[in-house]
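So the structure is just underneath, and the comments pick up after that.
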Amino acid sequence: MTALAPPPRLNREARLSAAGPMPERGIFVRNRYLLARRMTQILVLALFLTGPWFGLWIAKGTLASSMTFDVLPLTDPFVLVQMLAARHWPEGLALIGAAIVLVFYALVSGRTYCSWVCPINPVTDLAFWTREKLGFQAKGWQPRPGTRWFVLAMALIVSAVTGAIAWELVNPITMAFRAVVFGSVAGATFVAAVFLFDLFVARRGWCSHLCPVGAFYGLVGSKSLLRVSATARSACDHCMDCYAVCPEPQVISPALEGAKKGLSPVILSRECTACGRCIDVCDRTVFRFTHRFDVSETAEGGTHRSNCSGEKP
Amino acid sequence: MSSKPTNPDGLLSPERRRVLETAARGVVGAGAAGVLLGAYQKSAEAMPALAIRPPGALADETKFLSACVRCGLCVRACPYKTLKLADLGDHVANGTPWFVARKVPCEMCEDIPCVKACPTGALEHTLVDINKAKMGTAVLVDEENCLNFLGLRCDVCYRDCPVIDKAITLEIESNPRTRKHAIFRPTVHAEHCTGCGKCEKSCVLEEAAIKVLPLRVARGELGRHYRLGWEEYKKNQGPLIKDVIDLPDRAPNDITPPSGVPDAPPILDPSKLPKGWKP
């Protein structure tokens, strides 16, 4: 197997022409899940912004706790767990809200919170994109992906010891939310700090190594249904595009290259954010969204699928 | 990795060693970050004296921060935009709700929408009567500049008080400067004061002479063991301890003070005072 570097997308055109017949995939097809995620991220913020901007109140609050249309309470279960660690028993509204969120992410996909909702995701994605554009070769400080579990435990222990919700003091997610929705300057500083950290200190540093909120939602969604599967893994030409673009590349190999070991083509790791970026970039159309029990495989991906630009292959 | 000869007893295998090293690094790194976070948390609990929490806020700041998720729902519910979320430079725990009475005081809505909006009980839902709120208490901090204390009839804090004649009363006393006018002394009764801050807002001075302060700053507290003799006397229908020798009180010769019994005639009858006597 070849090494990960140099960035494989540079020679995409050459590879496409060498690989023989493959469908021409338009720029929209190659970015459809990215666009969809940006839409949902903007939509989530927009639901909170129509009130302060236009007086049309849809959702109030932040991702820590919110109220939509005065009937739907939603509360971040990780905040609630810290609250319990700090020995405060909340009102029913927060309990109901946390239960709704918990059930949703446990059933659907834990870390879709990270890739489809969290406002920090576009920030760290932008840092990653900037790294690539500037041609940064060094990955910088790379703590193990498991470091987030230590941070998660730390947040709970500090909450228990100080008797106050500890992570909300520094949580860039709700900081970012308050920056946008309440115009918080402190929030904007934290967002900038995370951006600079991911840009100069650690490649994919925050979301993929340190953030305890992502770790928590991953844990919640350990057995969740929505999964990405390398259904057409036999068609993989090992171009490494998916590894290069994936925020958690360690989750791909068991599914993509596990055929010989008899492993399922479904990416079952709780660290997968279900962002769908691998589906976007794969010219062989190896990946697709499915449910965790769908172990079906197809021999070939790309040549059987039409593209959305309407061109015939 | 080729298989190595078995380790001599007492030495760790390389795999085990690596696992332990990883764990140690994680624990130490997260531990150090945790200590910093905890210290930051503790320093964030210090509040400036003029920062007032919303009605029903859990009194102890640590308790409040164990419950407040900084969602801002109370801020959204506040119809008068009194409440705001703490930001950089406010020296209040970031993102938590607070207000400054001198800028925008609490209007004491009867339905207390901020408390109803709070999902976690950081603002206690047991508060249903806004008159029972204890956001702080007003204190007349500057008697030297208060216009009423100077003998004028400003009275604005008293007139603006939503709990007028209970939380603030005007106590009349003689004006020693003119010796013929009265001083209408604005007097706060913390028992009835909600800490809304209307008095501080309305004070006509450049800098308010009456200010709302958090109870922890404004209030003293008797020792737990302390008993007020006259109240105990009433409860007990007499002195708690029988046959106490009544020591003579310090008083002029021709006045015989009664023996510390409540409701007794005043010790000092001004008409009997010798000329030039001073206590």
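Residues are named by chain letter and number: chains run A, B, ... in the order of the structure tokens, numbers start at 1 in each chain, and ligands are numbered from 1 in the order shown.
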Find the residues of chain B in contact range of chain A, meaning any atom within 9 Å when counting only C-alpha atoms, and list them as a PyMOL selection string. chain B and resi 22-23+26-27+29-31+33-35+37-42+44+62-76+84-89+93-95+117-122+124-125
Please identify the helix (DSSP H, G or I) residues within stretch 55-120 of chain B (assignment by DSSP from backbone atoms) and present them as a PyMOL selection string. chain B and resi 61-67+73-77+113-117
Report as a VMD selection string all protein, DNA and RNA residues lying within 6 Å of stretch 238-254 of chain A, evaluated on only C-alpha atoms, omitting residues in the same chain fewer than 2 positions from it. chain A and resid 236 256 to 258 269 278
Export of prior selection with N, CA, C and O atoms as a PDB file, in the first residue's frame:
```
ATOM      1  N   CYS A 236     -12.819  -0.551  -4.957  1.00  0.00           N
ATOM      2  CA  CYS A 236     -11.883   0.468  -4.455  1.00  0.00           C
ATOM      3  C   CYS A 236     -10.553   0.377  -5.204  1.00  0.00           C
ATOM      4  O   CYS A 236      -9.997  -0.712  -5.360  1.00  0.00           O
ATOM      5  N   LEU A 256     -13.369  -0.836   4.870  1.00  0.00           N
ATOM      6  CA  LEU A 256     -12.955  -0.800   3.465  1.00  0.00           C
ATOM      7  C   LEU A 256     -12.005  -1.946   3.123  1.00  0.00           C
ATOM      8  O   LEU A 256     -12.071  -2.524   2.042  1.00  0.00           O
ATOM      9  N   GLU A 257     -11.121  -2.270   4.062  1.00  0.00           N
ATOM     10  CA  GLU A 257     -10.102  -3.267   3.747  1.00  0.00           C
ATOM     11  C   GLU A 257     -10.258  -4.546   4.567  1.00  0.00           C
ATOM     12  O   GLU A 257      -9.335  -5.351   4.662  1.00  0.00           O
ATOM     13  N   GLY A 258     -11.434  -4.708   5.169  1.00  0.00           N
ATOM     14  CA  GLY A 258     -11.616  -5.867   6.042  1.00  0.00           C
ATOM     15  C   GLY A 258     -12.241  -7.070   5.373  1.00  0.00           C
ATOM     16  O   GLY A 258     -12.624  -8.023   6.051  1.00  0.00           O
ATOM     17  N   SER A 269     -17.593   1.997  13.721  1.00  0.00           N
ATOM     18  CA  SER A 269     -16.923   2.733  14.795  1.00  0.00           C
ATOM     19  C   SER A 269     -17.799   3.877  15.301  1.00  0.00           C
ATOM     20  O   SER A 269     -18.414   4.597  14.513  1.00  0.00           O
ATOM     21  N   CYS A 278     -16.752  10.893   2.661  1.00  0.00           N
ATOM     22  CA  CYS A 278     -16.144   9.798   1.893  1.00  0.00           C
ATOM     23  C   CYS A 278     -17.026   9.445   0.690  1.00  0.00           C
ATOM     24  O   CYS A 278     -16.527   9.131  -0.387  1.00  0.00           O
TER      25      CYS A 278
END
```
Nearest to B:Val217, chosen from B:Ala101, B:Gly136, B:Leu147, B:Pro162, with only C-alpha atoms counted in the distances: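 Counting only C-alpha atoms, the residue closest to B:Val217 is B:Gly136.
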Looking at only C-alpha atoms, which of A:Val220, A:Leu126, A:Val286, A:Val191 is the one that sits closest to A:Val266?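 Once distances to A:Val266 are computed over only C-alpha atoms, the minimum belongs to A:Val286.
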Go through B:Leu140, B:Leu123, B:Cys196, B:Ala190 one by one, measure the shortest atom-to-atom distance of each to B:Cys109 using only C-alpha atoms, and give the residue with the smallest value.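 Smallest separation from B:Cys109 among the options: B:Cys196.
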In Å, with one decimal, what is the gap from atom CA of B:Cys114 to atom CA of B:Cys78?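 These atoms are spaced 5.8 Å apart.
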12 Å contact set for A:Ala193, only C-alpha atoms, chain neighbours under 2 positions out, as a VMD selection string: chain A and resid 120 123 to 124 127 170 to 172 175 to 176 186 to 191 195 to 201 205 to 206
What's around A:Ala106 at 7 Å? Count only C-alpha atoms, leave out sequence neighbours fewer than 2 positions away in its own chain, and write the answer as a PyMOL selection string. chain A and resi 102-104+108-110+220-221+223-224
Any chance you could export the current selection's C-alpha atoms as an mmCIF file, in the first residue's frame?
```cif
data_model
loop_
_atom_site.group_PDB
_atom_site.id
_atom_site.type_symbol
_atom_site.label_atom_id
_atom_site.label_comp_id
_atom_site.auth_asym_id
_atom_site.auth_seq_id
_atom_site.Cartn_x
_atom_site.Cartn_y
_atom_site.Cartn_z
ATOM 1 C CA LEU A 102 -30.550 11.265 23.851
ATOM 2 C CA VAL A 103 -33.105 9.013 22.185
ATOM 3 C CA PHE A 104 -32.672 10.755 18.829
ATOM 4 C CA VAL A 108 -30.034 7.773 14.470
ATOM 5 C CA SER A 109 -26.324 8.409 14.757
ATOM 6 C CA GLY A 110 -24.436 9.827 17.716
ATOM 7 C CA VAL A 220 -24.519 7.748 22.923
ATOM 8 C CA GLY A 221 -24.633 6.581 19.309
ATOM 9 C CA LYS A 223 -25.382 1.254 18.559
ATOM 10 C CA SER A 224 -27.122 3.792 16.350
#
```
DSSP-assigned strand (DSSP E) members of stretch 33-176 of chain A, reported as a list in words: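 Filtering stretch 33-176 of chain A to strand (DSSP E) leaves Ala59, Lys60, Gly61, Ser65, Ser66, Met67, Thr68, Leu72, Pro73, Leu74 and Thr75 of chain A.
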Kindly export the residues of the current selection with C-alpha atoms, as a PDB file, in the first residue's frame.
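Result went into result17.pdb, see below:
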```
ATOM      1  CA  ALA A  59     -36.140  28.470  18.619  1.00  0.00           C
ATOM      2  CA  LYS A  60     -34.812  30.205  21.720  1.00  0.00           C
ATOM      3  CA  GLY A  61     -31.736  29.475  23.793  1.00  0.00           C
ATOM      4  CA  SER A  65     -30.778  24.054  26.188  1.00  0.00           C
ATOM      5  CA  SER A  66     -33.416  25.405  23.871  1.00  0.00           C
ATOM      6  CA  MET A  67     -37.132  25.804  23.407  1.00  0.00           C
ATOM      7  CA  THR A  68     -38.660  25.527  19.938  1.00  0.00           C
ATOM      8  CA  LEU A  72     -40.278  21.436  22.170  1.00  0.00           C
ATOM      9  CA  PRO A  73     -37.600  21.545  24.870  1.00  0.00           C
ATOM     10  CA  LEU A  74     -34.159  20.238  23.926  1.00  0.00           C
ATOM     11  CA  THR A  75     -31.233  19.932  26.311  1.00  0.00           C
TER      12      THR A  75
END
```
Min atom-atom distance to B:Lys134 from the set B:Cys157, B:Cys199, B:Leu213, B:Cys193, counting only C-alpha atoms, belongs to B:Cys193
Polymer residues at most 12 Å from A:Arg227, only C-alpha atoms, same-chain spacing of 2 or more positions, as a VMD selection string: chain A and resid 107 to 112 221 to 225 229 to 231 251 to 252 255 264 to 276 279 287 to 295
Please dump the current selection as a CSV table (one decimal), in the first residue's frame; keep C-alpha atoms.
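Result file again.csv:
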```
chain,number,residue,atom,x,y,z
A,107,LEU,CA,-31.2,5.8,17.5
A,108,VAL,CA,-30.0,7.8,14.5
A,109,SER,CA,-26.3,8.4,14.8
A,110,GLY,CA,-24.4,9.8,17.7
A,111,ARG,CA,-21.9,11.9,16.0
A,112,THR,CA,-24.2,13.4,13.4
A,221,GLY,CA,-24.6,6.6,19.3
A,222,SER,CA,-22.5,3.4,19.8
A,223,LYS,CA,-25.4,1.3,18.6
A,224,SER,CA,-27.1,3.8,16.3
A,225,LEU,CA,-28.7,2.8,13.1
A,229,SER,CA,-21.0,1.4,4.4
A,230,ALA,CA,-18.2,0.6,2.0
A,231,THR,CA,-20.8,-1.4,0.0
A,251,VAL,CA,-12.7,4.3,11.2
A,252,ILE,CA,-12.5,3.5,7.4
A,255,ALA,CA,-14.7,-1.6,6.7
A,264,SER,CA,-18.5,-6.1,7.7
A,265,PRO,CA,-18.4,-3.4,5.1
A,266,VAL,CA,-20.4,-1.2,7.4
A,267,ILE,CA,-18.3,1.5,9.3
A,268,LEU,CA,-19.4,0.6,12.8
A,269,SER,CA,-16.9,2.7,14.8
A,270,ARG,CA,-18.6,5.1,17.2
A,271,GLU,CA,-16.1,7.7,16.1
A,272,CYS,CA,-17.5,8.0,12.6
A,273,THR,CA,-19.3,11.3,12.3
A,274,ALA,CA,-21.5,10.2,9.4
A,275,CYS,CA,-20.6,13.3,7.6
A,276,GLY,CA,-20.7,11.5,4.2
A,279,ILE,CA,-19.3,9.2,-0.2
A,287,PHE,CA,-19.6,4.2,0.0
A,288,ARG,CA,-23.2,4.9,0.7
A,289,PHE,CA,-25.5,5.6,3.6
A,290,THR,CA,-27.3,2.7,5.0
A,291,HIS,CA,-28.3,1.1,8.3
A,292,ARG,CA,-26.0,-0.8,10.6
A,293,PHE,CA,-27.5,-4.3,9.8
A,294,ASP,CA,-27.2,-3.9,6.0
A,295,VAL,CA,-24.1,-6.0,5.3
```
